[in-house]
$ cat entry-v9.txt   # compact mmCIF, C-alpha atoms
# COMPACT_ATOMS: atom_id res chain seq x y z
CA MET A 5 40.69 -1.61 7.00
CA ASN A 6 44.05 -0.21 5.87
CA PHE A 7 45.67 3.12 6.75
CA PHE A 8 44.52 4.93 3.59
CA GLN A 9 40.92 3.78 4.01
CA LYS A 10 40.94 5.14 7.57
CA ILE A 11 42.27 8.50 6.38
CA TYR A 12 39.63 8.56 3.61
CA ILE A 13 36.82 7.90 6.12
CA LYS A 14 38.13 10.57 8.48
CA ILE A 15 38.16 13.14 5.65
CA ILE A 16 34.66 12.14 4.49
CA LYS A 17 33.37 12.46 8.05
CA CYS A 18 34.43 16.12 8.09
CA PHE A 19 31.90 16.87 5.34
CA ILE A 20 29.22 14.19 5.55
CA VAL A 21 27.08 13.37 8.59
CA PRO A 22 26.77 9.68 9.56
CA CYS A 23 23.78 7.52 8.51
CA GLU A 24 22.21 7.78 11.96
CA LYS A 25 22.02 11.58 11.80
CA ALA A 26 21.01 11.64 8.11
CA SER A 27 18.15 9.16 8.64
CA LEU A 28 16.88 11.13 11.64
CA LEU A 29 16.82 14.25 9.44
CA MET A 30 14.91 12.27 6.77
CA THR A 31 12.21 11.49 9.34
CA LYS A 32 12.05 15.08 10.55
CA HIS A 33 11.90 16.32 6.94
CA GLU A 34 8.73 14.30 6.36
CA PHE A 35 6.84 16.37 8.93
CA GLU A 36 8.68 19.67 9.31
CA LYS A 37 10.87 22.12 7.44
CA LEU A 38 14.57 21.53 8.01
CA THR A 39 17.03 24.33 8.63
CA LEU A 40 19.36 25.09 5.71
CA LYS A 41 22.24 23.25 7.40
CA GLU A 42 20.07 20.22 8.17
CA ALA A 43 18.76 20.10 4.59
CA LEU A 44 22.30 20.36 3.21
CA ASP A 45 23.58 17.64 5.57
CA MET A 46 20.77 15.34 4.48
CA ARG A 47 21.20 15.96 0.74
CA LEU A 48 24.97 15.52 0.82
CA HIS A 49 24.62 12.28 2.72
CA LEU A 50 21.98 10.93 0.32
CA MET A 51 24.25 11.67 -2.65
CA LYS A 52 26.94 9.51 -1.08
CA CYS A 53 25.00 6.66 0.58
CA LYS A 54 22.89 4.12 -1.36
CA TYR A 55 21.65 2.46 1.84
CA CYS A 56 20.04 5.66 3.08
CA ARG A 57 18.56 6.27 -0.40
CA TRP A 58 16.94 2.82 -0.19
CA LEU A 59 15.80 3.61 3.34
CA LEU A 60 14.17 6.82 2.10
CA ASP A 61 12.25 4.98 -0.66
CA GLU A 62 11.25 2.12 1.59
CA GLU A 63 10.00 4.32 4.41
CA ALA A 64 7.99 6.28 1.82
CA LEU A 65 6.39 3.01 0.68
CA LEU A 66 5.37 2.22 4.26
CA SER A 67 3.91 5.72 4.71
CA ASP A 68 1.98 5.41 1.44
CA THR A 69 0.62 2.01 2.48
CA ILE A 70 -0.63 3.40 5.79
CA LYS A 71 -2.16 6.44 4.08
CA ASN A 72 -3.89 4.28 1.46
CA HIS A 73 -5.36 2.07 4.16
CA LYS A 74 -6.64 5.15 5.98
CA LYS A 75 -8.34 6.31 2.76
CA GLN A 76 -9.89 2.87 2.23
CA ILE A 77 -11.50 3.04 5.68
CA GLU A 78 -12.91 6.49 4.86
CA CYS A 79 -14.42 4.90 1.72
CA ASN A 80 -15.98 2.11 3.82
CA GLN A 81 -13.66 -0.57 2.45
CA PHE A 82 -13.06 -2.60 5.58
CA LEU A 83 -10.50 -5.31 6.36
CA HIS A 84 -12.34 -6.30 9.55
CA THR A 85 -16.00 -6.82 10.28
CA LEU A 86 -17.80 -6.94 13.60
CA SER A 87 -19.58 -10.27 14.04
CA ALA A 88 -23.35 -10.39 14.64
CA GLU A 89 -22.52 -11.44 18.18
CA GLN A 90 -20.25 -8.43 18.77
CA ILE A 91 -22.89 -6.07 17.35
CA GLU A 92 -25.55 -7.54 19.63
CA LYS A 93 -23.23 -7.22 22.63
CA ILE A 94 -22.64 -3.51 21.91
CA LYS A 95 -26.37 -2.90 21.37
CA LYS A 96 -27.20 -4.65 24.63
CA ASN A 97 -24.71 -2.48 26.51
CA ILE A 98 -26.14 0.78 25.20
CA ALA A 99 -29.80 -0.22 25.51
CA PRO A 100 -31.75 2.09 27.87
CA MET B 16 -29.43 15.16 9.26
CA ASN B 17 -31.66 12.15 9.65
CA THR B 18 -33.57 12.46 12.95
CA THR B 19 -34.27 8.73 13.30
CA ASP B 20 -30.49 8.34 13.48
CA THR B 21 -30.31 10.55 16.54
CA LEU B 22 -33.35 9.05 18.22
CA ASN B 23 -32.30 5.45 17.92
CA PRO B 24 -28.69 4.80 19.00
CA SER B 25 -28.91 1.09 18.24
CA THR B 26 -29.06 1.96 14.52
CA TRP B 27 -25.67 3.68 14.97
CA VAL B 28 -24.08 0.33 15.70
CA ASP B 29 -25.35 -1.15 12.41
CA LYS B 30 -24.44 1.94 10.42
CA TYR B 31 -21.12 3.02 11.90
CA GLY B 32 -19.94 0.04 13.96
CA ASN B 33 -17.64 -1.40 11.31
CA TYR B 34 -16.28 2.02 10.36
CA LEU B 35 -15.36 2.79 13.98
CA TYR B 36 -14.01 -0.72 14.52
CA ASN B 37 -11.67 -0.50 11.50
CA TYR B 38 -10.75 3.07 12.41
CA ALA B 39 -9.73 1.89 15.89
CA ILE B 40 -7.83 -1.20 14.66
CA SER B 41 -5.80 0.96 12.30
CA ARG B 42 -4.73 3.09 15.29
CA VAL B 43 -4.26 0.56 18.10
CA TYR B 44 -3.36 -2.53 15.99
CA ASN B 45 -5.30 -4.92 18.22
CA GLN B 46 -8.84 -6.18 17.56
CA VAL B 47 -9.74 -6.82 21.22
CA ILE B 48 -8.67 -3.32 22.33
CA ALA B 49 -10.41 -1.83 19.28
CA GLU B 50 -13.67 -3.59 20.14
CA ASP B 51 -13.50 -2.26 23.71
CA LEU B 52 -12.85 1.27 22.46
CA VAL B 53 -15.79 1.08 20.05
CA GLN B 54 -17.99 -0.22 22.86
CA GLU B 55 -16.92 2.65 25.12
CA THR B 56 -17.48 5.14 22.30
CA PHE B 57 -21.10 4.09 21.79
CA TYR B 58 -21.66 4.03 25.55
CA SER B 59 -20.26 7.56 26.01
CA ALA B 60 -22.24 8.81 23.01
CA VAL B 61 -25.54 7.50 24.36
CA LYS B 62 -24.85 9.11 27.72
CA ALA B 63 -23.95 12.42 26.11
CA ILE B 64 -26.68 12.41 23.46
CA GLU B 65 -28.23 15.65 24.70
CA ARG B 66 -24.92 17.38 24.00
CA PHE B 67 -25.07 16.40 20.32
CA GLU B 68 -26.10 19.62 18.63
CA GLY B 69 -26.47 18.39 15.08
CA ARG B 70 -23.75 20.68 13.76
CA SER B 71 -21.83 17.64 12.51
CA THR B 72 -23.02 14.23 11.35
CA ILE B 73 -23.47 11.40 13.84
CA LYS B 74 -20.52 9.65 12.17
CA THR B 75 -18.20 12.64 12.69
CA TRP B 76 -19.40 13.05 16.26
CA LEU B 77 -18.85 9.34 17.07
CA THR B 78 -15.41 9.47 15.42
CA SER B 79 -14.40 12.46 17.55
CA ILE B 80 -15.40 10.54 20.70
CA LEU B 81 -13.44 7.50 19.51
CA LYS B 82 -10.38 9.66 18.74
CA ARG B 83 -10.38 10.90 22.34
CA LYS B 84 -10.72 7.32 23.62
CA ILE B 85 -7.75 6.26 21.48
CA ILE B 86 -5.60 9.09 22.85
CA ASP B 87 -6.60 8.14 26.42
CA HIS B 88 -5.55 4.59 25.60
CA TYR B 89 -2.17 5.86 24.34
CA ARG B 90 -1.71 7.99 27.45
CA LYS B 91 -2.44 5.05 29.71
CA ASN B 92 0.12 2.94 27.82
CA ALA B 93 2.67 5.74 27.66
CA ARG B 94 2.82 5.86 31.44
CA ASN B 95 4.40 2.44 31.80
CA LYS B 96 8.14 2.29 31.39
CA GLU B 97 8.54 -0.82 29.29
CA ASP B 98 9.51 1.02 26.08
CA ALA B 99 13.10 1.44 27.25
CA VAL B 100 13.37 -2.32 27.71
CA LEU B 101 11.57 -3.22 24.47
CA ASP B 102 13.43 -0.69 22.31
CA ASN B 103 16.76 -2.47 22.36
CA ASP B 104 17.57 -2.82 18.65
CA GLN B 105 20.98 -1.49 17.68
CA PHE B 106 20.72 -0.04 14.17
CA PHE B 107 23.94 1.98 14.07
CA GLN B 108 27.50 1.43 15.22
CA THR B 109 28.16 3.07 18.58
CA GLU B 110 31.94 3.22 18.53
CA GLY B 111 35.01 3.13 16.31
CA ILE B 112 35.79 4.97 13.11
CA LEU B 113 32.40 4.03 11.62
CA LYS B 114 30.39 5.35 14.58
CA GLY B 115 26.88 6.30 13.40
CA HIS B 116 27.13 4.09 10.29
CA TRP B 117 24.73 1.13 9.82
CA GLU B 118 25.48 -2.04 11.73
CA ASP B 119 26.28 -4.76 9.17
CA ASP B 120 23.17 -6.83 9.97
CA GLN B 121 20.91 -3.75 9.78
CA LEU B 122 21.97 -2.45 6.34
CA PRO B 123 18.83 -1.72 4.29
CA ALA B 124 18.44 -3.97 1.26
CA ASN B 125 17.05 -2.90 -2.11
CA TRP B 126 13.40 -3.97 -2.28
CA GLY B 127 13.27 -3.54 -6.05
CA ASP B 128 10.11 -2.64 -7.93
CA ASN B 129 7.18 -2.06 -5.54
CA LYS B 130 4.58 -0.72 -7.95
CA GLY B 131 1.07 -1.09 -6.54
CA LEU B 132 2.28 -2.62 -3.29
CA SER B 133 1.08 0.33 -1.20
CA GLU B 134 -2.51 -0.57 -2.17
CA SER B 135 -2.22 -4.25 -1.32
CA ALA B 136 -4.35 -5.43 1.62
CA GLU B 137 -1.94 -8.34 2.22
CA PHE B 138 1.02 -5.98 2.45
CA TYR B 139 -0.88 -3.72 4.84
CA THR B 140 -1.80 -6.73 7.00
CA VAL B 141 1.88 -7.62 7.43
CA LEU B 142 2.70 -3.97 8.13
CA LYS B 143 -0.05 -3.85 10.77
CA GLU B 144 1.45 -6.91 12.43
CA CYS B 145 4.82 -5.10 12.52
CA LEU B 146 3.12 -2.01 13.98
CA SER B 147 1.58 -4.16 16.72
CA HIS B 148 5.10 -5.23 17.75
CA LEU B 149 6.34 -1.67 18.37
CA PRO B 150 6.80 -0.67 22.02
CA PRO B 151 3.55 1.03 23.17
CA LYS B 152 4.77 4.60 23.56
CA MET B 153 6.69 4.45 20.29
CA ALA B 154 3.61 3.10 18.49
CA ALA B 155 1.45 5.86 19.98
CA THR B 156 3.92 8.59 18.94
CA PHE B 157 4.24 7.19 15.43
CA THR B 158 0.47 6.84 15.00
CA MET B 159 -0.37 10.31 16.28
CA LYS B 160 2.06 11.94 13.84
CA GLU B 161 1.93 9.61 10.84
CA ILE B 162 -1.73 8.57 10.82
CA GLU B 163 -3.69 11.11 12.83
CA GLU B 164 -1.44 13.92 11.63
CA TYR B 165 -1.49 15.76 14.95
CA SER B 166 0.93 18.67 15.32
CA THR B 167 4.26 18.13 17.06
CA GLU B 168 3.03 20.33 19.96
CA GLU B 169 -0.20 18.32 20.46
CA THR B 170 1.58 14.97 20.26
CA CYS B 171 4.25 16.05 22.74
CA LYS B 172 1.63 17.46 25.13
CA GLU B 173 -0.63 14.39 25.07
CA LEU B 174 2.20 11.89 25.45
CA GLU B 175 4.33 14.09 27.72
CA ILE B 176 7.49 13.89 25.64
CA SER B 177 9.97 16.47 24.37
CA PRO B 178 10.13 17.36 20.64
CA THR B 179 13.65 15.87 20.40
CA ASN B 180 12.42 12.64 21.94
CA LEU B 181 9.47 12.65 19.52
CA TRP B 182 11.72 12.66 16.43
CA VAL B 183 13.96 9.98 17.89
CA MET B 184 10.94 7.78 18.64
CA ILE B 185 9.38 8.19 15.19
CA HIS B 186 12.77 7.61 13.61
CA ARG B 187 13.26 4.38 15.58
CA ALA B 188 9.68 3.29 14.87
CA LYS B 189 10.32 3.66 11.14
CA LEU B 190 13.63 1.80 11.31
CA ARG B 191 11.96 -1.05 13.19
CA LEU B 192 9.01 -1.18 10.79
CA ARG B 193 11.30 -1.19 7.75
CA LYS B 194 13.39 -4.01 9.17
CA CYS B 195 10.31 -5.99 10.24
CA ILE B 196 8.62 -5.78 6.84
CA GLU B 197 11.89 -6.63 5.09
CA THR B 198 12.13 -9.80 7.16
CA LYS B 199 8.46 -10.78 6.93
CA TRP B 200 7.59 -9.74 3.37
CA PHE B 201 10.71 -9.33 1.26
CA LEU B 202 13.12 -11.91 2.62
CA PRO B 203 11.02 -15.07 2.14
CA ASP B 204 11.00 -14.80 -1.66
CA LYS B 205 14.67 -13.69 -1.81
CA THR B 206 14.07 -10.97 -4.40
CA ILE B 207 16.11 -8.35 -2.60
CA HIS B 208 19.64 -7.29 -3.40
CA LYS B 209 22.36 -5.96 -1.14

$ encode --input "entry-v9.txt" --output "structure tokens"
Amino acid sequence: MNFFQKIYIKIIKCFIVPCEKASLLMTKHEFEKLTLKEALDMRLHLMKCKYCRWLLDEEALLSDTIKNHKKQIECNQFLHTLSAEQIEKIKKNIAP
Amino acid sequence: MNTTDTLNPSTWVDKYGNYLYNYAISRVYNQVIAEDLVQETFYSAVKAIERFEGRSTIKTWLTSILKRKIIDHYRKNARNKEDAVLDNDQFFQTEGILKGHWEDDQLPANWGDNKGLSESAEFYTVLKECLSHLPPKMAATFTMKEIEEYSTEETCKELEISPTNLWVMIHRAKLRLRKCIETKWFLPDKTIHK
């Protein structure tokens, strides 16, 4: 990294929070309202950083997948089934 | 409400066994533990049957018992200290001019077009495997917020953590899951781009 690149990074760092902070704010934003400063820090970072934009999309995909699976269970679409043996074992244990 | 349901607990197992089993697996990510929790749920329900007042359905009542069992399971796991040892991935640079920037080997890749993937059972199965590899306390925190949608206050109280620690744990859980699924699902077919 040459001298000018270092100066450039130092200037950028005065205005834009690092990826670690921005991605933590992205997580918090999913569940709670950010303060104005936090929201601004996150937005500015996302404008500048393609990696964190990808992270945002990819984490949203994982959240959607988990939420869809939760809905499928509520609609009785099951990935796993208790075997006849397991069912009998449970029934035996709760028999009076 | 159907009274034969209430009078004959063994019919509960046929009717709601698979629902509770899948519900538990999607929260503890382990079939053996899930089976035990379902077993304990039915056992507790039978013992407490006189307390069932019929204001909710049997299914809702059984689910509420199971939910409590799952939280007790989390609490038991949260007490052991192995998370600090297991959570050793370094995602961001810790020193130098790029402190806080992604480590080179952790940079997210572009997964491309993922239309419909969130509804794929195969994709969820791989994700569940990744969830099962999270350190126990981290997995519990993530699940209580992301899946059970408990409030920050409730999650912190049940797992005895501070709100700041809660965000850090969920954040790290997400970073680990993203990396895990990238390695297990997206890397093998080499369709990703840096």

$ closest_residue --input "entry-v9.txt" --among "A:Phe7, A:Ile98, A:Leu83, A:Cys56" --to "Ala26 (chain A)" --atoms "all atoms listed in the file"
A:Cys56

$ residues_around --input "entry-v9.txt" --residues "Cys23 (chain A)" --least-positions-apart "5" --cutoff "10 Å" --atoms "all atoms listed in the file" --output "list of chain:residue names"
A:Leu28, A:Leu29, A:Met46, A:His49, A:Leu50, A:Cys53, A:Tyr55, A:Cys56, B:Phe106, B:Phe107, B:Gln108, B:Leu113, B:Lys114, B:Gly115, B:His116, B:Trp117

$ atom_distance --input "entry-v9.txt" --atom1 "CA of Trp58 (chain A)" --atom2 "CA of Pro123 (chain B)"
6.7 Å

$ atom_distance --input "entry-v9.txt" --atom1 "CA of Val47 (chain B)" --atom2 "CA of Leu65 (chain A)"
27.9 Å

$ closest_atom_pairs --input "entry-v9.txt" --of "chain A" --to "chain B" --cutoff "8 Å" --atoms "all atoms listed in the file" --output "JSON lines"
{"residue": "A:Lys10", "atom": "CA", "partner": "B:Ile112", "partner_atom": "CA", "distance": 7.6}
{"residue": "A:Ile13", "atom": "CA", "partner": "B:Ile112", "partner_atom": "CA", "distance": 7.6}
{"residue": "A:Lys14", "atom": "CA", "partner": "B:Ile112", "partner_atom": "CA", "distance": 7.6}
{"residue": "A:Pro22", "atom": "CA", "partner": "B:Gly115", "partner_atom": "CA", "distance": 5.1}
{"residue": "A:Cys23", "atom": "CA", "partner": "B:His116", "partner_atom": "CA", "distance": 5.1}
{"residue": "A:Glu24", "atom": "CA", "partner": "B:Gly115", "partner_atom": "CA", "distance": 5.1}
{"residue": "A:Lys25", "atom": "CA", "partner": "B:Gly115", "partner_atom": "CA", "distance": 7.4}
{"residue": "A:Ser27", "atom": "CA", "partner": "B:His186", "partner_atom": "CA", "distance": 7.5}
{"residue": "A:Leu28", "atom": "CA", "partner": "B:His186", "partner_atom": "CA", "distance": 5.8}
{"residue": "A:Thr31", "atom": "CA", "partner": "B:His186", "partner_atom": "CA", "distance": 5.8}
{"residue": "A:Lys32", "atom": "CA", "partner": "B:Trp182", "partner_atom": "CA", "distance": 6.4}
{"residue": "A:Tyr55", "atom": "CA", "partner": "B:Pro123", "partner_atom": "CA", "distance": 5.6}
{"residue": "A:Cys56", "atom": "CA", "partner": "B:Pro123", "partner_atom": "CA", "distance": 7.6}
{"residue": "A:Trp58", "atom": "CA", "partner": "B:Asn125", "partner_atom": "CA", "distance": 6.0}
{"residue": "A:Leu59", "atom": "CA", "partner": "B:Pro123", "partner_atom": "CA", "distance": 6.2}
{"residue": "A:Glu62", "atom": "CA", "partner": "B:Arg193", "partner_atom": "CA", "distance": 7.0}
{"residue": "A:Glu63", "atom": "CA", "partner": "B:Arg193", "partner_atom": "CA", "distance": 6.6}
{"residue": "A:Leu65", "atom": "CA", "partner": "B:Ser133", "partner_atom": "CA", "distance": 6.2}
{"residue": "A:Leu66", "atom": "CA", "partner": "B:Ser133", "partner_atom": "CA", "distance": 7.2}
{"residue": "A:Ser67", "atom": "CA", "partner": "B:Glu161", "partner_atom": "CA", "distance": 7.5}
{"residue": "A:Asp68", "atom": "CA", "partner": "B:Ser133", "partner_atom": "CA", "distance": 5.8}
{"residue": "A:Thr69", "atom": "CA", "partner": "B:Ser133", "partner_atom": "CA", "distance": 4.1}
{"residue": "A:Ile70", "atom": "CA", "partner": "B:Tyr139", "partner_atom": "CA", "distance": 7.2}
{"residue": "A:Lys71", "atom": "CA", "partner": "B:Ile162", "partner_atom": "CA", "distance": 7.1}
{"residue": "A:Asn72", "atom": "CA", "partner": "B:Glu134", "partner_atom": "CA", "distance": 6.2}
{"residue": "A:His73", "atom": "CA", "partner": "B:Tyr139", "partner_atom": "CA", "distance": 7.4}
{"residue": "A:Lys74", "atom": "CA", "partner": "B:Ser41", "partner_atom": "CA", "distance": 7.6}
{"residue": "A:Ile77", "atom": "CA", "partner": "B:Tyr34", "partner_atom": "CA", "distance": 6.8}
{"residue": "A:Glu78", "atom": "CA", "partner": "B:Tyr34", "partner_atom": "CA", "distance": 7.8}
{"residue": "A:Asn80", "atom": "CA", "partner": "B:Tyr34", "partner_atom": "CA", "distance": 6.5}
{"residue": "A:Phe82", "atom": "CA", "partner": "B:Asn37", "partner_atom": "CA", "distance": 6.4}
{"residue": "A:Leu83", "atom": "CA", "partner": "B:Asn37", "partner_atom": "CA", "distance": 7.1}
{"residue": "A:His84", "atom": "CA", "partner": "B:Asn37", "partner_atom": "CA", "distance": 6.2}
{"residue": "A:Thr85", "atom": "CA", "partner": "B:Asn33", "partner_atom": "CA", "distance": 5.8}
{"residue": "A:Leu86", "atom": "CA", "partner": "B:Asn33", "partner_atom": "CA", "distance": 6.0}
{"residue": "A:Ile91", "atom": "CA", "partner": "B:Val28", "partner_atom": "CA", "distance": 6.7}
{"residue": "A:Ile94", "atom": "CA", "partner": "B:Gln54", "partner_atom": "CA", "distance": 5.8}
{"residue": "A:Lys95", "atom": "CA", "partner": "B:Ser25", "partner_atom": "CA", "distance": 5.7}
{"residue": "A:Asn97", "atom": "CA", "partner": "B:Tyr58", "partner_atom": "CA", "distance": 7.3}
{"residue": "A:Ile98", "atom": "CA", "partner": "B:Tyr58", "partner_atom": "CA", "distance": 5.5}
{"residue": "A:Ala99", "atom": "CA", "partner": "B:Ser25", "partner_atom": "CA", "distance": 7.4}

$ axis_aligned_box --input "entry-v9.txt" --around "region 66-85 of chain A" --padding-each-side "6 Å" --output "JSON"
{"center_x": -5.3, "center_y": -0.2, "center_z": 5.9, "size_x": 33.4, "size_y": 25.3, "size_z": 20.8}

$ atom_distance --input "entry-v9.txt" --atom1 "CA of Tyr165 (chain B)" --atom2 "CA of Pro151 (chain B)"
17.6 Å
